[in-house]
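Participant: Sharing a structure with you now.
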Amino acid sequence: MPLALISGTSRGIGKALAVRLLDSGWEVEGCSRGEASLSHPGYVHRRVDVTDEPAVVAHVADVVRRRGRVDALVCNAGAASMNAFLLTPGSVAEAMMRVNYLSAFNLGREVAKAMVRQRGGAIVNLSSVAVPLSLEGEAAYVAAKAAVEALTKVMAAELAPHGIRVNAVGPGPVDTALTRTVPRDKLEALRRRMGLERELGMDEVVSAIADLIEPSATVTGRILHVGLNGSR
Ligand SMILES: NC(=O)c1ccc[n+]([C@@H]2O[C@H](COP(=O)([O-])OP(=O)(O)OC[C@H]3O[C@@H](n4cnc5c(N)ncnc54)[C@H](OP(=O)(O)O)[C@@H]3O)[C@@H](O)[C@H]2O)c1
């Protein structure tokens, strides 16, 4: 059975993705700062803070030692921050970089070392439609996710000779803890800007990620903004 390592599986997109993959025959190594919130014979949960580089290195080494290989990595753990740019302290920008970008950088590097040895694998990093829309009020988050998108492309270029594909999925708003604090009218205005006349379903986001990590998939170096009308 193929093995996926996913960060941020205690709720939201990461948890829904873990359930989808488990249902379709994958085994999943999940993590978050807290305890597991899902139980399945194919699921293992570890408590890891993805902003802590030594903890990430130790986590990946532990998975590789126990499992021998990692077929897919999904760097999903992340957090958002809504703040007017003029009022955003540097500490918030730094925290956004650590949880969204540095986590993907360190997880990607460690898992890619194993994928190079096994001569193949697929990586998906989570971005957001907030990047192409240059979303006002989210400068620190948008900058961190823009860094994730740039990282994705360089990783795809460097890792292609090793048979490793690297893509990013940037969803529009889906109903999770991350978006529940955003006022409804703001979410509706965002969907209108995206050219989306309805709510985005969790299934649509999960399918986009699952399709990209399928062993039969061939695409690499792409950023897929789910729900965004690409003509905008
Ligand atoms: N929801 C959306 O509409 C949306 C749109 C665009 C992009 N995204 C992106 O999609 C990803 C998932 O978002 P979501 O909406 O599912 O968020 P969520 O519901 O808040 O879940 C975030 C997950 O990440 C984990 N996490 C957060 N900080 C962590 C840390 N330092 N170390 C380890 N795990 C950590 C959380 O667990 P603990 O708190 O227990 O650690 C949780 O499992 C994020 O990268 C987000 O930026 C979401």
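Residues are named by chain letter and number: chains run A, B, ... in the order of the structure tokens, numbers start at 1 in each chain, and ligands are numbered from 1 in the order shown.
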Please tabulate, as a Markdown table, the residues of chain A that come within 7 Å of ligand 1, each with its closest pair of atoms and the distance in Å to one decimal, counting only C-alpha atoms and all ligand atoms and ordering rows by chain, then residue number upward.

Facilitator:
```
| residue | atom | partner | partner_atom_place_in_ligand_line | distance |
| --- | --- | --- | --- | --- |
| A:Ser7 | CA | ligand 1 | 34 (N) | 6.1 |
| A:Gly8 | CA | ligand 1 | 24 (O) | 3.4 |
| A:Thr9 | CA | ligand 1 | 43 (O) | 4.4 |
| A:Ser10 | CA | ligand 1 | 43 (O) | 3.8 |
| A:Arg11 | CA | ligand 1 | 43 (O) | 4.6 |
| A:Gly12 | CA | ligand 1 | 16 (O) | 3.4 |
| A:Ile13 | CA | ligand 1 | 16 (O) | 3.8 |
| A:Gly14 | CA | ligand 1 | 16 (O) | 5.6 |
| A:Lys15 | CA | ligand 1 | 43 (O) | 7.0 |
| A:Cys31 | CA | ligand 1 | 34 (N) | 6.3 |
| A:Ser32 | CA | ligand 1 | 34 (N) | 3.6 |
| A:Arg33 | CA | ligand 1 | 41 (O) | 3.6 |
| A:Gly34 | CA | ligand 1 | 40 (O) | 4.2 |
| A:Val48 | CA | ligand 1 | 33 (C) | 5.5 |
| A:Asp49 | CA | ligand 1 | 32 (N) | 3.5 |
| A:Val50 | CA | ligand 1 | 32 (N) | 4.0 |
| A:Thr51 | CA | ligand 1 | 31 (N) | 5.2 |
| A:Asn76 | CA | ligand 1 | 45 (O) | 4.6 |
| A:Ala77 | CA | ligand 1 | 24 (O) | 3.6 |
| A:Gly78 | CA | ligand 1 | 45 (O) | 3.6 |
| A:Ala79 | CA | ligand 1 | 47 (O) | 5.2 |
| A:Ala80 | CA | ligand 1 | 47 (O) | 5.9 |
| A:Val99 | CA | ligand 1 | 31 (N) | 5.5 |
| A:Asn100 | CA | ligand 1 | 45 (O) | 6.1 |
| A:Leu126 | CA | ligand 1 | 45 (O) | 5.0 |
| A:Ser127 | CA | ligand 1 | 7 (C) | 5.4 |
| A:Ser128 | CA | ligand 1 | 6 (C) | 4.0 |
| A:Val129 | CA | ligand 1 | 6 (C) | 6.3 |
| A:Gly170 | CA | ligand 1 | 7 (C) | 5.6 |
| A:Pro171 | CA | ligand 1 | 6 (C) | 4.3 |
| A:Gly172 | CA | ligand 1 | 5 (C) | 5.0 |
| A:Pro173 | CA | ligand 1 | 3 (O) | 3.3 |
| A:Val174 | CA | ligand 1 | 3 (O) | 3.8 |
| A:Asp175 | CA | ligand 1 | 1 (N) | 5.9 |
| A:Thr176 | CA | ligand 1 | 19 (O) | 4.6 |
| A:Ala177 | CA | ligand 1 | 19 (O) | 4.3 |
| A:Leu178 | CA | ligand 1 | 20 (O) | 4.3 |
| A:Thr179 | CA | ligand 1 | 1 (N) | 5.4 |
```

Participant: Pick out each residue of stretch 65-194 of chain A that DSSP on the backbone tags as strand (DSSP E); I need them as a PyMOL selection string.

Facilitator: chain A and resi 72-75+121-126+164-171

Participant: Atoms to include: C-alpha atoms. Write the selected residues as a PDB file, in the first residue's frame.

Facilitator:
```
ATOM      1  CA  ALA A  72       3.687  11.194  -1.103  1.00  0.00           C
ATOM      2  CA  LEU A  73       4.155  14.244   1.104  1.00  0.00           C
ATOM      3  CA  VAL A  74       1.436  16.862   1.594  1.00  0.00           C
ATOM      4  CA  CYS A  75       2.626  19.981   3.433  1.00  0.00           C
ATOM      5  CA  GLY A 121       7.575  10.340  -5.162  1.00  0.00           C
ATOM      6  CA  ALA A 122       5.110  13.220  -5.188  1.00  0.00           C
ATOM      7  CA  ILE A 123       4.936  16.346  -3.048  1.00  0.00           C
ATOM      8  CA  VAL A 124       2.057  18.821  -2.744  1.00  0.00           C
ATOM      9  CA  ASN A 125       2.409  22.092  -0.837  1.00  0.00           C
ATOM     10  CA  LEU A 126      -0.652  24.066   0.280  1.00  0.00           C
ATOM     11  CA  ILE A 164       9.972  13.435  -7.894  1.00  0.00           C
ATOM     12  CA  ARG A 165       7.007  15.637  -8.829  1.00  0.00           C
ATOM     13  CA  VAL A 166       6.283  18.795  -6.803  1.00  0.00           C
ATOM     14  CA  ASN A 167       3.088  20.843  -7.153  1.00  0.00           C
ATOM     15  CA  ALA A 168       1.065  23.273  -5.046  1.00  0.00           C
ATOM     16  CA  VAL A 169      -2.672  23.467  -4.449  1.00  0.00           C
ATOM     17  CA  GLY A 170      -4.059  26.871  -3.493  1.00  0.00           C
ATOM     18  CA  PRO A 171      -7.705  26.554  -2.500  1.00  0.00           C
TER      19      PRO A 171
END
```

Participant: If DSSP is run on the backbone, what residues of stretch 116-185 of chain A are alpha helix (DSSP H)? A reply as a PyMOL selection string would be ideal.

Facilitator: chain A and resi 116-118+139-159+184-185

Participant: Taking N, CA and C atoms for each residue, export the selection above as a JSON list (two decimals), in the first residue's frame.

Facilitator:
```
[["chain", "number", "residue", "atom", "x", "y", "z"],
["A", 116, "VAL", "N", 14.62, 10.64, -3.17],
["A", 116, "VAL", "CA", 15.77, 10.51, -4.09],
["A", 116, "VAL", "C", 16.31, 9.09, -3.99],
["A", 117, "ARG", "N", 16.44, 8.58, -2.76],
["A", 117, "ARG", "CA", 16.96, 7.21, -2.58],
["A", 117, "ARG", "C", 16.03, 6.18, -3.21],
["A", 118, "GLN", "N", 14.73, 6.39, -3.09],
["A", 118, "GLN", "CA", 13.77, 5.41, -3.63],
["A", 118, "GLN", "C", 13.42, 5.70, -5.10],
["A", 139, "ALA", "N", -1.43, 40.48, 4.28],
["A", 139, "ALA", "CA", -0.08, 40.62, 3.69],
["A", 139, "ALA", "C", 0.88, 39.55, 4.19],
["A", 140, "ALA", "N", 0.89, 39.30, 5.50],
["A", 140, "ALA", "CA", 1.87, 38.35, 6.05],
["A", 140, "ALA", "C", 1.58, 36.93, 5.56],
["A", 141, "TYR", "N", 0.31, 36.57, 5.51],
["A", 141, "TYR", "CA", -0.10, 35.23, 5.03],
["A", 141, "TYR", "C", 0.19, 35.09, 3.54],
["A", 142, "VAL", "N", -0.20, 36.09, 2.76],
["A", 142, "VAL", "CA", -0.02, 36.03, 1.31],
["A", 142, "VAL", "C", 1.47, 35.93, 0.96],
["A", 143, "ALA", "N", 2.30, 36.71, 1.65],
["A", 143, "ALA", "CA", 3.74, 36.67, 1.36],
["A", 143, "ALA", "C", 4.31, 35.29, 1.66],
["A", 144, "ALA", "N", 3.86, 34.69, 2.77],
["A", 144, "ALA", "CA", 4.36, 33.35, 3.13],
["A", 144, "ALA", "C", 3.91, 32.31, 2.10],
["A", 145, "LYS", "N", 2.65, 32.41, 1.65],
["A", 145, "LYS", "CA", 2.17, 31.44, 0.65],
["A", 145, "LYS", "C", 2.81, 31.70, -0.72],
["A", 146, "ALA", "N", 3.14, 32.97, -1.03],
["A", 146, "ALA", "CA", 3.85, 33.25, -2.28],
["A", 146, "ALA", "C", 5.23, 32.58, -2.23],
["A", 147, "ALA", "N", 5.84, 32.60, -1.05],
["A", 147, "ALA", "CA", 7.13, 31.91, -0.89],
["A", 147, "ALA", "C", 6.95, 30.41, -1.10],
["A", 148, "VAL", "N", 5.85, 29.85, -0.63],
["A", 148, "VAL", "CA", 5.57, 28.42, -0.83],
["A", 148, "VAL", "C", 5.46, 28.12, -2.33],
["A", 149, "GLU", "N", 4.79, 29.00, -3.07],
["A", 149, "GLU", "CA", 4.62, 28.77, -4.52],
["A", 149, "GLU", "C", 5.98, 28.82, -5.23],
["A", 150, "ALA", "N", 6.82, 29.80, -4.86],
["A", 150, "ALA", "CA", 8.15, 29.90, -5.48],
["A", 150, "ALA", "C", 8.99, 28.67, -5.14],
["A", 151, "LEU", "N", 8.93, 28.27, -3.87],
["A", 151, "LEU", "CA", 9.67, 27.07, -3.43],
["A", 151, "LEU", "C", 9.24, 25.84, -4.24],
["A", 152, "THR", "N", 7.93, 25.72, -4.44],
["A", 152, "THR", "CA", 7.38, 24.57, -5.18],
["A", 152, "THR", "C", 8.01, 24.45, -6.56],
["A", 153, "LYS", "N", 8.15, 25.59, -7.24],
["A", 153, "LYS", "CA", 8.69, 25.55, -8.61],
["A", 153, "LYS", "C", 10.17, 25.18, -8.62],
["A", 154, "VAL", "N", 10.94, 25.72, -7.68],
["A", 154, "VAL", "CA", 12.38, 25.40, -7.65],
["A", 154, "VAL", "C", 12.56, 23.93, -7.27],
["A", 155, "MET", "N", 11.78, 23.46, -6.29],
["A", 155, "MET", "CA", 11.86, 22.04, -5.92],
["A", 155, "MET", "C", 11.52, 21.16, -7.12],
["A", 156, "ALA", "N", 10.48, 21.53, -7.88],
["A", 156, "ALA", "CA", 10.08, 20.72, -9.05],
["A", 156, "ALA", "C", 11.23, 20.64, -10.05],
["A", 157, "ALA", "N", 11.91, 21.77, -10.26],
["A", 157, "ALA", "CA", 13.01, 21.80, -11.23],
["A", 157, "ALA", "C", 14.18, 20.93, -10.74],
["A", 158, "GLU", "N", 14.54, 21.08, -9.46],
["A", 158, "GLU", "CA", 15.71, 20.35, -8.94],
["A", 158, "GLU", "C", 15.45, 18.86, -8.77],
["A", 159, "LEU", "N", 14.20, 18.51, -8.48],
["A", 159, "LEU", "CA", 13.91, 17.11, -8.13],
["A", 159, "LEU", "C", 13.40, 16.28, -9.31],
["A", 184, "ARG", "N", -18.97, 36.56, 6.81],
["A", 184, "ARG", "CA", -19.63, 35.97, 5.63],
["A", 184, "ARG", "C", -19.55, 36.86, 4.39],
["A", 185, "ASP", "N", -19.79, 38.18, 4.60],
["A", 185, "ASP", "CA", -19.79, 39.07, 3.43],
["A", 185, "ASP", "C", -18.41, 39.14, 2.79]]
```

Participant: Compile the contact shell of A:Gly227 as a PyMOL selection string: residues with an atom at most 12 Å away, counting only C-alpha atoms, same-chain residues fewer than 3 positions apart removed.

Facilitator: chain A and resi 128-130+169-174+190-205+208+224+230-232

Participant: For A:Ala16, which of A:Leu107, A:Leu135, A:Val56, A:Ile209 is the closest residue, counting only C-alpha atoms?

Facilitator: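 Distance minimum relative to A:Ala16 lands on A:Ile209.
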
Participant: In Å, how far is it from atom CA of A:Leu102 to atom CA of A:Ile6?

Facilitator: 15.4 Å

Participant: What's the separation between atom CA of A:Ala104 and atom CA of A:Ser24, in Å to one decimal place?

Facilitator: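 According to the coordinates, atom CA of A:Ala104 and atom CA of A:Ser24 are separated by 25.0 Å.
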
Participant: For atom CA of A:Asp71 and atom CA of A:Arg119, quote the distance in Å rounded to one decimal.

Facilitator: 10.1 Å

Participant: Find the spatial neighbours of A:Asn83, counting only C-alpha atoms, within a cut-off of 8 Å - ignore same-chain residues fewer than 2 positions away - and output them as a ChimeraX atom specification.

Facilitator: /A:81,85,87-88,137-139

Participant: What's around A:Arg65 at 12 Å? Count only C-alpha atoms, leave out sequence neighbours fewer than 5 positions away in its own chain, and write the answer as a list of chain:residue names.

Facilitator: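 Counting only the stated atoms, we get A:Ala58, A:His59, A:Val60, A:Val70, A:Val111, A:Ala114.
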
Participant: Write out as a ChimeraX atom specification which residues come within 8 Å of A:Val44 when counting only C-alpha atoms, dropping same-chain ones fewer than 4 positions away.

Facilitator: /A:28-30

Participant: Could you check the closest approach to A:Leu3 for each of A:Pro54, A:Gly90, A:Ala95, A:Ile213 and tell me which residue wins, using only C-alpha atoms?

Facilitator: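 Among the listed residues, the smallest separation from A:Leu3 belongs to A:Ile213.
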